[in-house]
>>> print(open('target-v3.cif').read())   # mmCIF, C-alpha atoms (C1' of nucleotides)
data_final
loop_
_atom_site.label_atom_id
_atom_site.label_comp_id
_atom_site.auth_asym_id
_atom_site.auth_seq_id
_atom_site.Cartn_x
_atom_site.Cartn_y
_atom_site.Cartn_z
CA MET A 1349 -17.89 -24.58 27.33
CA ALA A 1350 -20.70 -24.92 29.80
CA THR A 1351 -23.46 -23.31 27.78
CA ALA A 1352 -26.88 -24.66 28.61
CA THR A 1353 -28.06 -24.16 25.04
CA GLU A 1354 -25.83 -25.40 22.25
CA PRO A 1355 -24.92 -22.44 19.97
CA VAL A 1356 -26.78 -22.77 16.69
CA THR A 1357 -25.79 -20.78 13.66
CA THR A 1358 -29.14 -19.57 12.46
CA SER A 1359 -29.55 -17.60 9.27
CA ALA A 1360 -30.48 -14.64 11.46
CA ALA A 1361 -27.11 -14.95 13.18
CA ARG A 1362 -25.31 -15.04 9.86
CA GLU A 1363 -27.10 -12.00 8.57
CA ALA A 1364 -26.50 -10.21 11.85
CA GLN A 1365 -22.81 -11.05 11.51
CA LYS A 1366 -22.69 -9.59 8.02
CA LEU A 1367 -24.31 -6.34 9.14
CA PHE A 1368 -22.14 -6.28 12.23
CA PHE A 1369 -19.02 -6.59 10.12
CA GLU A 1370 -20.13 -3.90 7.71
CA ILE A 1371 -20.79 -1.42 10.49
CA GLY A 1372 -17.50 -2.31 12.13
CA MET A 1373 -15.41 -1.79 8.98
CA ASP A 1374 -17.07 1.52 8.25
CA HIS A 1375 -16.55 2.69 11.79
CA ARG A 1376 -12.94 1.60 11.88
CA ALA A 1377 -12.18 3.67 8.82
CA LYS A 1378 -13.82 6.74 10.31
CA VAL A 1379 -12.10 6.32 13.66
CA GLY A 1380 -8.79 5.88 11.88
CA ALA A 1381 -9.28 9.19 10.12
CA ARG A 1382 -9.87 11.01 13.39
CA LEU A 1383 -6.90 9.32 15.05
CA VAL A 1384 -4.60 10.69 12.35
CA GLU A 1385 -5.22 14.11 13.89
CA LEU A 1386 -3.69 12.81 17.11
CA SER A 1387 -0.83 11.22 15.13
CA LEU A 1388 -1.90 7.84 16.46
CA THR A 1389 -2.38 4.62 14.56
CA PHE A 1390 -5.35 2.44 15.35
CA VAL A 1391 -3.17 -0.03 17.22
CA GLN A 1392 -1.47 2.66 19.27
CA ALA A 1393 -4.83 4.13 20.21
CA HIS A 1394 -6.16 0.72 21.13
CA ALA A 1395 -3.11 0.11 23.30
CA LEU A 1396 -3.57 3.45 25.07
CA ARG A 1397 -7.19 2.53 25.68
CA LEU A 1398 -6.13 -0.71 27.32
CA LEU A 1399 -3.63 1.04 29.57
CA ASP A 1400 -5.87 2.12 32.40
CA PRO A 1401 -3.95 4.72 34.44
CA GLU A 1402 -5.09 2.92 37.57
CA ARG A 1403 -3.89 -0.49 36.48
CA PRO A 1404 -0.61 -0.46 34.53
CA LEU A 1405 0.00 -3.60 32.48
CA PRO A 1406 2.99 -5.87 31.98
CA MET A 1407 3.96 -5.98 28.33
CA SER A 1408 3.04 -9.64 28.14
CA SER A 1409 -0.50 -8.86 29.30
CA LEU A 1410 -0.81 -6.17 26.69
CA ALA A 1411 0.32 -8.68 24.07
CA GLU A 1412 -2.49 -10.99 25.12
CA LEU A 1413 -5.07 -8.24 24.98
CA LEU A 1414 -3.84 -7.24 21.55
CA PHE A 1415 -3.84 -10.87 20.42
CA CYS A 1416 -0.29 -10.53 19.21
CA ASP A 1417 3.26 -11.67 19.81
CA ALA A 1418 5.21 -10.19 22.69
CA SER A 1419 7.92 -9.00 20.32
CA ASN A 1420 5.36 -6.88 18.57
CA VAL A 1421 4.56 -5.08 21.79
CA THR A 1422 8.20 -4.08 22.12
CA GLY A 1423 7.89 -1.93 19.02
CA ILE A 1424 4.52 -0.50 19.94
CA ALA A 1425 5.80 0.42 23.40
CA ASP A 1426 8.96 1.91 21.86
CA ARG A 1427 6.93 4.28 19.74
CA LEU A 1428 4.60 5.27 22.54
CA GLU A 1429 7.54 5.72 24.88
CA SER A 1430 9.48 7.82 22.38
CA ARG A 1431 6.51 10.20 22.33
CA GLY A 1432 6.50 10.37 26.09
CA LEU A 1433 3.11 8.71 26.45
CA VAL A 1434 4.16 5.66 28.45
CA GLU A 1435 7.04 4.53 30.64
CA ARG A 1436 8.52 1.09 31.13
CA ARG A 1437 8.97 0.31 34.82
CA SER A 1438 10.51 -2.87 36.08
CA ALA A 1439 7.99 -4.70 38.19
CA GLU A 1440 8.90 -4.97 41.83
CA GLY A 1441 9.43 -8.58 42.69
CA ASP A 1442 10.27 -9.62 39.14
CA ARG A 1443 12.72 -7.50 37.21
CA ARG A 1444 12.09 -9.42 34.01
CA VAL A 1445 8.65 -7.89 33.81
CA LYS A 1446 8.26 -4.39 32.38
CA VAL A 1447 5.11 -2.64 33.42
CA LEU A 1448 3.76 -0.05 31.03
CA THR A 1449 2.58 3.06 32.83
CA LEU A 1450 0.94 6.08 31.29
CA THR A 1451 2.70 9.40 31.74
CA PRO A 1452 0.59 12.50 32.41
CA ALA A 1453 0.72 13.22 28.67
CA GLY A 1454 -0.39 9.66 28.05
CA VAL A 1455 -3.32 10.00 30.42
CA GLU A 1456 -4.33 13.20 28.70
CA LEU A 1457 -4.12 11.74 25.20
CA ARG A 1458 -5.86 8.56 26.29
CA SER A 1459 -8.89 10.53 27.36
CA ARG A 1460 -9.15 11.96 23.87
CA VAL A 1461 -8.79 8.48 22.43
CA LEU A 1462 -11.61 7.25 24.65
CA GLU A 1463 -13.72 10.11 23.40
CA ILE A 1464 -13.10 9.24 19.76
CA MET A 1465 -13.27 5.48 20.01
CA GLY A 1466 -16.20 5.49 22.41
CA GLU A 1467 -18.32 7.46 20.01
CA PRO A 1468 -20.80 5.02 18.48
CA PRO A 1469 -20.72 4.47 14.72
CA GLU A 1470 -23.19 6.58 12.81
CA ALA A 1471 -25.29 3.50 12.16
CA ILE A 1472 -25.82 2.93 15.87
CA ALA A 1473 -26.14 6.59 16.77
CA SER A 1474 -29.00 7.01 14.34
CA LEU A 1475 -31.07 4.24 15.89
CA SER A 1476 -34.04 5.17 18.02
CA PRO A 1477 -33.30 5.34 21.75
CA ALA A 1478 -35.41 2.21 22.23
CA ASP A 1479 -33.37 0.32 19.63
CA GLN A 1480 -30.16 1.56 21.20
CA ARG A 1481 -31.21 0.19 24.57
CA ALA A 1482 -32.35 -3.09 23.03
CA LEU A 1483 -29.06 -3.39 21.19
CA ARG A 1484 -27.10 -2.71 24.36
CA ASP A 1485 -29.06 -5.35 26.25
CA ILE A 1486 -28.57 -8.00 23.59
CA LEU A 1487 -24.87 -7.27 23.32
CA ARG A 1488 -24.53 -7.44 27.09
CA ARG A 1489 -25.95 -10.94 26.97
CA ALA A 1490 -23.69 -11.81 24.03
CA VAL A 1491 -20.55 -10.71 25.85
CA ALA A 1492 -21.67 -12.45 29.02
CA HIS A 1493 -21.72 -15.72 27.08
CA LEU A 1494 -18.17 -15.02 25.93
CA ARG A 1495 -16.95 -14.85 29.50
CA ASP A 1496 -18.64 -17.98 30.77
CA MET B 348 -28.91 13.14 5.80
CA ALA B 349 -32.67 13.01 5.87
CA THR B 350 -33.13 11.44 9.26
CA ALA B 351 -36.38 12.42 10.89
CA THR B 352 -34.84 12.09 14.34
CA GLU B 353 -31.56 13.81 15.05
CA PRO B 354 -28.97 11.19 16.12
CA VAL B 355 -28.42 11.43 19.84
CA THR B 356 -25.49 9.76 21.53
CA THR B 357 -27.19 8.15 24.47
CA SER B 358 -25.30 6.30 27.14
CA ALA B 359 -26.95 3.15 25.83
CA ALA B 360 -25.41 3.83 22.43
CA ARG B 361 -21.99 4.32 23.97
CA GLU B 362 -22.18 1.14 25.95
CA ALA B 363 -23.47 -0.71 22.90
CA GLN B 364 -20.50 0.62 20.97
CA LYS B 365 -18.07 -0.64 23.58
CA LEU B 366 -19.57 -4.11 23.53
CA PHE B 367 -19.75 -4.03 19.76
CA PHE B 368 -16.07 -3.20 19.55
CA GLU B 369 -15.10 -5.89 22.01
CA ILE B 370 -16.97 -8.57 20.09
CA GLY B 371 -15.52 -7.31 16.84
CA MET B 372 -11.91 -7.40 18.02
CA ASP B 373 -12.29 -10.85 19.46
CA HIS B 374 -13.87 -12.11 16.28
CA ARG B 375 -11.27 -10.55 14.07
CA ALA B 376 -8.52 -12.35 15.94
CA LYS B 377 -10.29 -15.67 15.63
CA VAL B 378 -11.03 -15.21 11.95
CA GLY B 379 -7.42 -14.22 11.40
CA ALA B 380 -6.27 -17.47 12.94
CA ARG B 381 -8.46 -19.52 10.63
CA LEU B 382 -7.37 -17.54 7.59
CA VAL B 383 -3.76 -18.44 8.28
CA GLU B 384 -4.68 -21.97 7.31
CA LEU B 385 -5.61 -20.65 3.88
CA SER B 386 -2.39 -18.59 3.78
CA LEU B 387 -4.49 -15.47 3.53
CA THR B 388 -4.19 -12.25 5.46
CA PHE B 389 -7.31 -10.52 6.70
CA VAL B 390 -7.06 -7.88 4.00
CA GLN B 391 -6.58 -10.43 1.23
CA ALA B 392 -9.59 -12.39 2.45
CA HIS B 393 -11.66 -9.24 2.65
CA ALA B 394 -10.66 -8.33 -0.90
CA LEU B 395 -11.64 -11.78 -2.16
CA ARG B 396 -14.95 -11.39 -0.42
CA LEU B 397 -15.59 -8.13 -2.23
CA LEU B 398 -14.73 -9.63 -5.60
CA ASP B 399 -18.05 -11.16 -6.56
CA PRO B 400 -17.39 -13.58 -9.44
CA GLU B 401 -20.43 -12.13 -11.18
CA ARG B 402 -19.32 -8.52 -10.89
CA PRO B 403 -15.56 -7.98 -11.32
CA LEU B 404 -14.30 -4.69 -9.92
CA PRO B 405 -11.96 -2.02 -11.23
CA MET B 406 -9.03 -1.58 -8.90
CA SER B 407 -10.14 1.93 -8.03
CA SER B 408 -13.51 0.61 -6.85
CA LEU B 409 -11.80 -1.96 -4.71
CA ALA B 410 -9.67 0.81 -3.19
CA GLU B 411 -12.84 2.65 -2.23
CA LEU B 412 -14.41 -0.40 -0.68
CA LEU B 413 -11.22 -1.05 1.27
CA PHE B 414 -11.04 2.60 2.33
CA CYS B 415 -7.45 2.81 1.14
CA ASP B 416 -5.19 4.38 -1.42
CA ALA B 417 -5.22 3.05 -4.97
CA SER B 418 -1.49 2.36 -4.79
CA ASN B 419 -2.15 -0.03 -1.94
CA VAL B 420 -4.47 -2.07 -4.10
CA THR B 421 -1.67 -2.57 -6.60
CA GLY B 422 0.27 -4.56 -4.02
CA ILE B 423 -2.73 -6.50 -2.79
CA ALA B 424 -3.68 -7.41 -6.35
CA ASP B 425 -0.06 -8.37 -7.09
CA ARG B 426 -0.04 -10.88 -4.28
CA LEU B 427 -3.42 -12.35 -5.15
CA GLU B 428 -2.47 -12.51 -8.80
CA SER B 429 0.86 -14.19 -8.09
CA ARG B 430 -1.09 -16.94 -6.36
CA GLY B 431 -3.36 -17.29 -9.35
CA LEU B 432 -6.47 -16.13 -7.53
CA VAL B 433 -7.28 -13.07 -9.62
CA GLU B 434 -6.49 -11.67 -13.05
CA ARG B 435 -6.12 -8.09 -14.21
CA ARG B 436 -8.09 -7.42 -17.37
CA SER B 437 -8.10 -4.10 -19.17
CA ALA B 438 -11.61 -2.75 -19.25
CA GLU B 439 -13.15 -2.51 -22.69
CA GLY B 440 -13.77 1.10 -23.52
CA ASP B 441 -11.09 2.42 -21.17
CA ARG B 442 -7.72 0.77 -21.22
CA ARG B 443 -6.53 2.70 -18.19
CA VAL B 444 -8.89 0.71 -16.01
CA LYS B 445 -7.85 -2.74 -14.80
CA VAL B 446 -10.70 -4.96 -13.79
CA LEU B 447 -9.95 -7.62 -11.19
CA THR B 448 -11.53 -10.94 -12.04
CA LEU B 449 -11.46 -14.08 -9.94
CA THR B 450 -9.88 -17.15 -11.51
CA PRO B 451 -11.51 -20.53 -10.88
CA ALA B 452 -9.05 -21.04 -8.03
CA GLY B 453 -10.04 -17.63 -6.72
CA VAL B 454 -13.73 -18.49 -6.85
CA GLU B 455 -13.05 -21.70 -4.99
CA LEU B 456 -10.97 -20.05 -2.28
CA ARG B 457 -13.45 -17.21 -1.97
CA SER B 458 -16.19 -19.63 -1.06
CA ARG B 459 -14.09 -20.90 1.81
CA VAL B 460 -13.43 -17.34 2.89
CA LEU B 461 -17.15 -16.61 2.87
CA GLU B 462 -17.67 -19.66 5.01
CA ILE B 463 -15.09 -18.53 7.58
CA MET B 464 -15.91 -14.84 7.64
CA GLY B 465 -19.65 -15.37 7.50
CA GLU B 466 -19.59 -17.47 10.61
CA PRO B 467 -20.93 -15.31 13.45
CA PRO B 468 -18.68 -14.58 16.41
CA GLU B 469 -19.15 -16.92 19.32
CA ALA B 470 -20.81 -14.12 21.26
CA ILE B 471 -23.56 -13.82 18.67
CA ALA B 472 -23.86 -17.52 17.98
CA SER B 473 -24.54 -18.21 21.62
CA LEU B 474 -27.48 -15.83 21.79
CA SER B 475 -30.98 -17.25 21.87
CA PRO B 476 -32.65 -17.48 18.46
CA ALA B 477 -35.02 -14.72 19.50
CA ASP B 478 -32.11 -12.44 20.42
CA GLN B 479 -30.39 -13.30 17.16
CA ARG B 480 -33.45 -12.24 15.21
CA ALA B 481 -33.87 -9.09 17.26
CA LEU B 482 -30.21 -8.24 16.73
CA ARG B 483 -30.51 -8.79 13.00
CA ASP B 484 -33.55 -6.55 12.82
CA ILE B 485 -31.92 -3.75 14.76
CA LEU B 486 -28.76 -3.93 12.69
CA ARG B 487 -30.81 -3.90 9.50
CA ARG B 488 -32.34 -0.63 10.63
CA ALA B 489 -28.91 0.69 11.61
CA VAL B 490 -27.40 -0.05 8.22
CA ALA B 491 -30.44 1.35 6.47
CA HIS B 492 -29.78 4.68 8.20
CA LEU B 493 -26.20 4.54 6.90
CA ARG B 494 -27.38 4.37 3.30
CA ASP B 495 -29.96 7.16 3.47
"C1'" DG C 423 24.48 -23.24 42.25
"C1'" DC C 424 22.70 -25.13 38.02
"C1'" DA C 425 19.02 -26.31 34.71
"C1'" DG C 426 15.20 -24.99 32.78
"C1'" DA C 427 11.42 -21.70 32.44
"C1'" DT C 428 9.86 -16.94 31.63
"C1'" DA C 429 9.89 -11.83 30.01
"C1'" DC C 430 11.51 -9.05 27.04
"C1'" DT C 431 14.55 -7.50 23.01
"C1'" DT C 432 16.72 -7.93 18.54
"C1'" DG C 433 17.05 -8.87 13.70
"C1'" DA C 434 15.06 -10.76 9.51
"C1'" DT C 435 11.21 -10.68 6.59
"C1'" DC C 436 6.48 -9.85 4.95
"C1'" DT C 437 2.11 -7.25 4.43
"C1'" DT C 438 -0.27 -3.15 4.78
"C1'" DG C 439 -0.50 1.69 4.45
"C1'" DT C 440 0.64 6.55 2.77
"C1'" DC C 441 2.70 9.90 -0.22
"C1'" DA C 442 4.89 11.84 -4.39
"C1'" DA C 443 6.23 11.09 -8.91
"C1'" DA C 444 5.98 8.50 -13.27
"C1'" DT C 445 3.35 6.28 -17.10
"C1'" DA C 446 -0.46 5.43 -19.98
"C1'" DT C 447 -4.65 6.56 -21.59
"C1'" DG C 448 -8.84 9.36 -22.17
"C1'" DT C 449 -11.35 13.88 -23.13
"C1'" DA C 450 -12.24 18.65 -24.42
"C1'" DG C 451 -11.07 22.83 -26.86
"C1'" DG C 452 -9.04 25.29 -30.31
"C1'" DC D 1359 -5.08 17.05 -35.49
"C1'" DC D 1360 -2.81 18.76 -31.30
"C1'" DT D 1361 -2.49 20.44 -26.89
"C1'" DA D 1362 -3.71 20.65 -22.17
"C1'" DC D 1363 -5.64 18.62 -18.58
"C1'" DA D 1364 -7.79 14.80 -16.09
"C1'" DT D 1365 -7.91 9.99 -14.56
"C1'" DA D 1366 -6.26 4.95 -13.53
"C1'" DT D 1367 -2.69 2.48 -12.29
"C1'" DT D 1368 2.21 1.69 -11.11
"C1'" DT D 1369 6.56 2.62 -8.89
"C1'" DG D 1370 9.67 3.83 -5.20
"C1'" DA D 1371 10.58 5.44 -0.59
"C1'" DC D 1372 9.43 4.76 3.80
"C1'" DA D 1373 6.94 3.67 8.44
"C1'" DA D 1374 3.96 0.62 11.25
"C1'" DG D 1375 2.41 -3.81 12.39
"C1'" DA D 1376 2.97 -8.72 12.45
"C1'" DT D 1377 5.48 -13.24 13.06
"C1'" DC D 1378 9.46 -16.07 13.79
"C1'" DA D 1379 13.96 -17.51 15.62
"C1'" DA D 1380 17.65 -16.39 18.44
"C1'" DG D 1381 19.67 -13.75 22.21
"C1'" DT D 1382 19.83 -11.72 27.03
"C1'" DA D 1383 18.37 -11.15 31.69
"C1'" DT D 1384 16.13 -12.85 35.47
"C1'" DC D 1385 13.58 -16.10 38.22
"C1'" DT D 1386 12.54 -20.88 40.39
"C1'" DG D 1387 13.13 -25.54 41.84
"C1'" DC D 1388 15.95 -29.20 42.80
#
>>> encode(input="target-v3.cif", output="C-alpha cells")
Amino acid sequence: MATATEPVTTSAAREAQKLFFEIGMDHRAKVGARLVELSLTFVQAHALRLLDPERPLPMSSLAELLFCDASNVTGIADRLESRGLVERRSAEGDRRVKVLTLTPAGVELRSRVLEIMGEPPEAIASLSPADQRALRDILRRAVAHLRD
Amino acid sequence: MATATEPVTTSAAREAQKLFFEIGMDHRAKVGARLVELSLTFVQAHALRLLDPERPLPMSSLAELLFCDASNVTGIADRLESRGLVERRSAEGDRRVKVLTLTPAGVELRSRVLEIMGEPPEAIASLSPADQRALRDILRRAVAHLRD
DNA sequence: GCAGATACTTGATCTTGTCAAATATGTAGG
DNA sequence: CCTACATATTTGACAAGATCAAGTATCTGC
C-alpha cells in the first residue's frame, strides 16, 4: 500500500463507520422489500447490476465481484438463466469460459434494478444539497484510496 | 416526517449512494472473512452486537432489529445458544416472551465482534482526519433525519 | 501427446430467510 | 370462571446463498 499518510483509526472514523453501517443495513432492508416485487433476491439484483450489457462477464469474474466461490455463481446463473434474464455463451478462444450475457429481458429488468438500487437511502436523500455534495466528494476520495 | 426541506434526489445523492454501496460491499466481505476466524456468520455477529449485556432483548425485538421474521430468530438463537453464547430466559410478567441474555462467553466474544465490526473500512480509514470528521458530522445529520 | 493448470459443474452440508400451522400464554368480556 | 381472541415463540417445509471437495472439459507448455 503506497499511501502517503498512514491510515489512522480516529474516533471520528469509528463513529462514521457505525453510522455508515446503520444507514447501510436500513437501506438494504428497504431495497430488499422493493426487489421482492421484481421477484429478485438481493444477490440476483446485485449480479444483474454487475452485468453491464456492453461488457458481458465470465462467470469467474462475476464470482470475484461478488466475493464468492465460483460454484456459487453456477447456481445464481442457473436461476437467472431459467428466468430468461441471462445466457451462458462459451467464450471464443477459450471454451472453458462461460460468458454471462444479458438477454433483452435481462437488460430491461436490470434498468429497473438500477433505478431501485441507485436510489439513495432516505438518510442521504434528506440531507441538504450542500451536504449531499460534500458527502459525494468525501466518498470519492475514500474510494480513490481503495483503488491505489 | 417533519422535514422542513422536501428530500430531493440530486445527482450528487445518487453518486454518493453508489460510492456508499461500493464501500459497504467491500467492507462486508472483509468483515466476513475476519468473522470466520471466530466461527461466526455475519448475521450471528450482528445479533451479538445488538445484544447489549446491559439490556437483554426479547426475541421479537431482535427480529425487528434484524428486519426479519420471528421464526428466523428461533434458528439464530438456537445456534448461538448451542455454542453457549446466549441463554433464553422467560420474561417475568409474561412467560410467552423469551429474553435473550448473553452468557459470560457471549459477552467476551461480543467484545471481539465489536472490535472487528467497529473497525472502519479501509476506504474511510485512509481519509484525512478532517475528512473523517466531516464525514462523521454529515452522517450524524443523515441519521438524525431518519429518526425524526 | 501428456502433465498439470484452469473454468465450470455437481453433490453434500450449513445458514439464512419466508410462510403456514401448532403451542403456550395472556387479556377482555360476559 | 370461561370463552374468544390476540400475541410470542416454535416447528416443519422449502428455496436461496454459501463453502468445500470431487468431477469434467478444455487449455498450455514441455
>>> residues_around(input="target-v3.cif", residues="A:Glu1385", least_positions_apart="6", cutoff="12 Å", atoms="only C-alpha atoms (C1' of nucleotides)", output="list in words")
Lys1378, Val1379, Ala1393, Leu1457, Arg1460, Val1461 and Ile1464 of chain A
>>> atom_distance(input="target-v3.cif", atom1="atom CA of B:Gln364", atom2="atom CA of A:Ala1471")
10.4 Å
>>> interface_residues(input="target-v3.cif", of="chain A", to="chain B", cutoff="6 Å", atoms="all atoms listed in the file", output="NGL selection string")
:A and (1355 or 1357 or 1360-1362 or 1364-1365 or 1468 or 1471-1475 or 1480-1481 or 1484 or 1490-1491 or 1494)
>>> resolve_selection(input="target-v3.cif", expression="the PyMOL selection byres ((chain C) within 9 of (chain B))", output="NGL selection string")
:C and (437-440 or 446-448)
>>> write_last_selection(input="target-v3.cif", atoms="C-alpha atoms (C1' of nucleotides)", output="short mmCIF file (atom, residue, chain, number, x, y, z; two decimals), in the frame of the given file")
data_model
loop_
_atom_site.label_atom_id
_atom_site.label_comp_id
_atom_site.auth_asym_id
_atom_site.auth_seq_id
_atom_site.Cartn_x
_atom_site.Cartn_y
_atom_site.Cartn_z
"C1'" DT C 437 2.11 -7.25 4.43
"C1'" DT C 438 -0.27 -3.15 4.78
"C1'" DG C 439 -0.50 1.69 4.45
"C1'" DT C 440 0.64 6.55 2.77
"C1'" DA C 446 -0.46 5.43 -19.98
"C1'" DT C 447 -4.65 6.56 -21.59
"C1'" DG C 448 -8.84 9.36 -22.17
#
>>> atom_distance(input="target-v3.cif", atom1="atom CA of A:Glu1440", atom2="atom C1' of C:DA429")
13.7 Å
>>> resolve_selection(input="target-v3.cif", expression="the PyMOL selection byres ((chain A and resi 1398) around 12)", output="PyMOL selection string")
(chain A and resi 1391-1397+1399-1407+1409-1414+1448-1450+1454-1455+1458-1459+1461-1462+1465) or (chain B and resi 369)
>>> closest_atom_pairs(input="target-v3.cif", of="chain D", to="chain A", cutoff="7 Å", atoms="only C-alpha atoms (C1' of nucleotides)", output="Markdown table")
| residue | atom | partner | partner_atom | distance |
| --- | --- | --- | --- | --- |
| D:DA1376 | C1' | A:Asn1420 | CA | 6.8 |
| D:DA1383 | C1' | A:Arg1444 | CA | 6.9 |
| D:DT1384 | C1' | A:Arg1444 | CA | 5.5 |
>>> atom_distance(input="target-v3.cif", atom1="atom C1' of D:DG1370", atom2="atom CA of A:Thr1422")
28.5 Å
>>> closest_residue(input="target-v3.cif", among="C:DT449, C:DA443, C:DT431, C:DC436", to="D:DG1375", atoms="only C-alpha atoms (C1' of nucleotides)")
C:DC436
>>> residues_around(input="target-v3.cif", residues="D:DG1387", least_positions_apart="2", cutoff="12 Å", atoms="all atoms listed in the file", output="ChimeraX atom specification")
/C:423-427 /D:1385
>>> resolve_selection(input="target-v3.cif", expression="the PyMOL selection byres ((chain D and resi 1360) around 12)", output="ChimeraX atom specification")
/C:450-452 /D:1359,1361-1362
>>> write_last_selection(input="target-v3.cif", atoms="C-alpha atoms (C1' of nucleotides)", output="mmCIF file, in the coordinates of the input")
data_model
loop_
_atom_site.group_PDB
_atom_site.id
_atom_site.type_symbol
_atom_site.label_atom_id
_atom_site.label_comp_id
_atom_site.auth_asym_id
_atom_site.auth_seq_id
_atom_site.Cartn_x
_atom_site.Cartn_y
_atom_site.Cartn_z
ATOM 1 C "C1'" DA C 450 -12.240 18.650 -24.420
ATOM 2 C "C1'" DG C 451 -11.070 22.830 -26.860
ATOM 3 C "C1'" DG C 452 -9.040 25.290 -30.310
ATOM 4 C "C1'" DC D 1359 -5.080 17.050 -35.490
ATOM 5 C "C1'" DT D 1361 -2.490 20.440 -26.890
ATOM 6 C "C1'" DA D 1362 -3.710 20.650 -22.170
#
>>> residues_around(input="target-v3.cif", residues="C:DG433", least_positions_apart="5", cutoff="12 Å", atoms="all atoms listed in the file", output="list in words")
Ser1419 of chain A; DC1378, DA1379, DA1380 and DG1381 of chain D
>>> residues_near_point(input="target-v3.cif", point="(-8.3, 12.8, -11.9)", cutoff="12 Å", atoms="only C-alpha atoms (C1' of nucleotides)", output="list of chain:residue names")
B:Ser407, C:DG448, C:DT449, D:DC1363, D:DA1364, D:DT1365, D:DA1366, D:DT1367
>>> write_last_selection(input="target-v3.cif", atoms="C-alpha atoms (C1' of nucleotides)", output="PDB file, in the coordinates of the input")
ATOM      1  CA  SER B 407     -10.140   1.930  -8.030  1.00  0.00           C
TER       2      SER B 407
ATOM      3  C1'  DG C 448      -8.840   9.360 -22.170  1.00  0.00           C
ATOM      4  C1'  DT C 449     -11.350  13.880 -23.130  1.00  0.00           C
TER       5       DT C 449
ATOM      6  C1'  DC D1363      -5.640  18.620 -18.580  1.00  0.00           C
ATOM      7  C1'  DA D1364      -7.790  14.800 -16.090  1.00  0.00           C
ATOM      8  C1'  DT D1365      -7.910   9.990 -14.560  1.00  0.00           C
ATOM      9  C1'  DA D1366      -6.260   4.950 -13.530  1.00  0.00           C
ATOM     10  C1'  DT D1367      -2.690   2.480 -12.290  1.00  0.00           C
TER      11       DT D1367
END
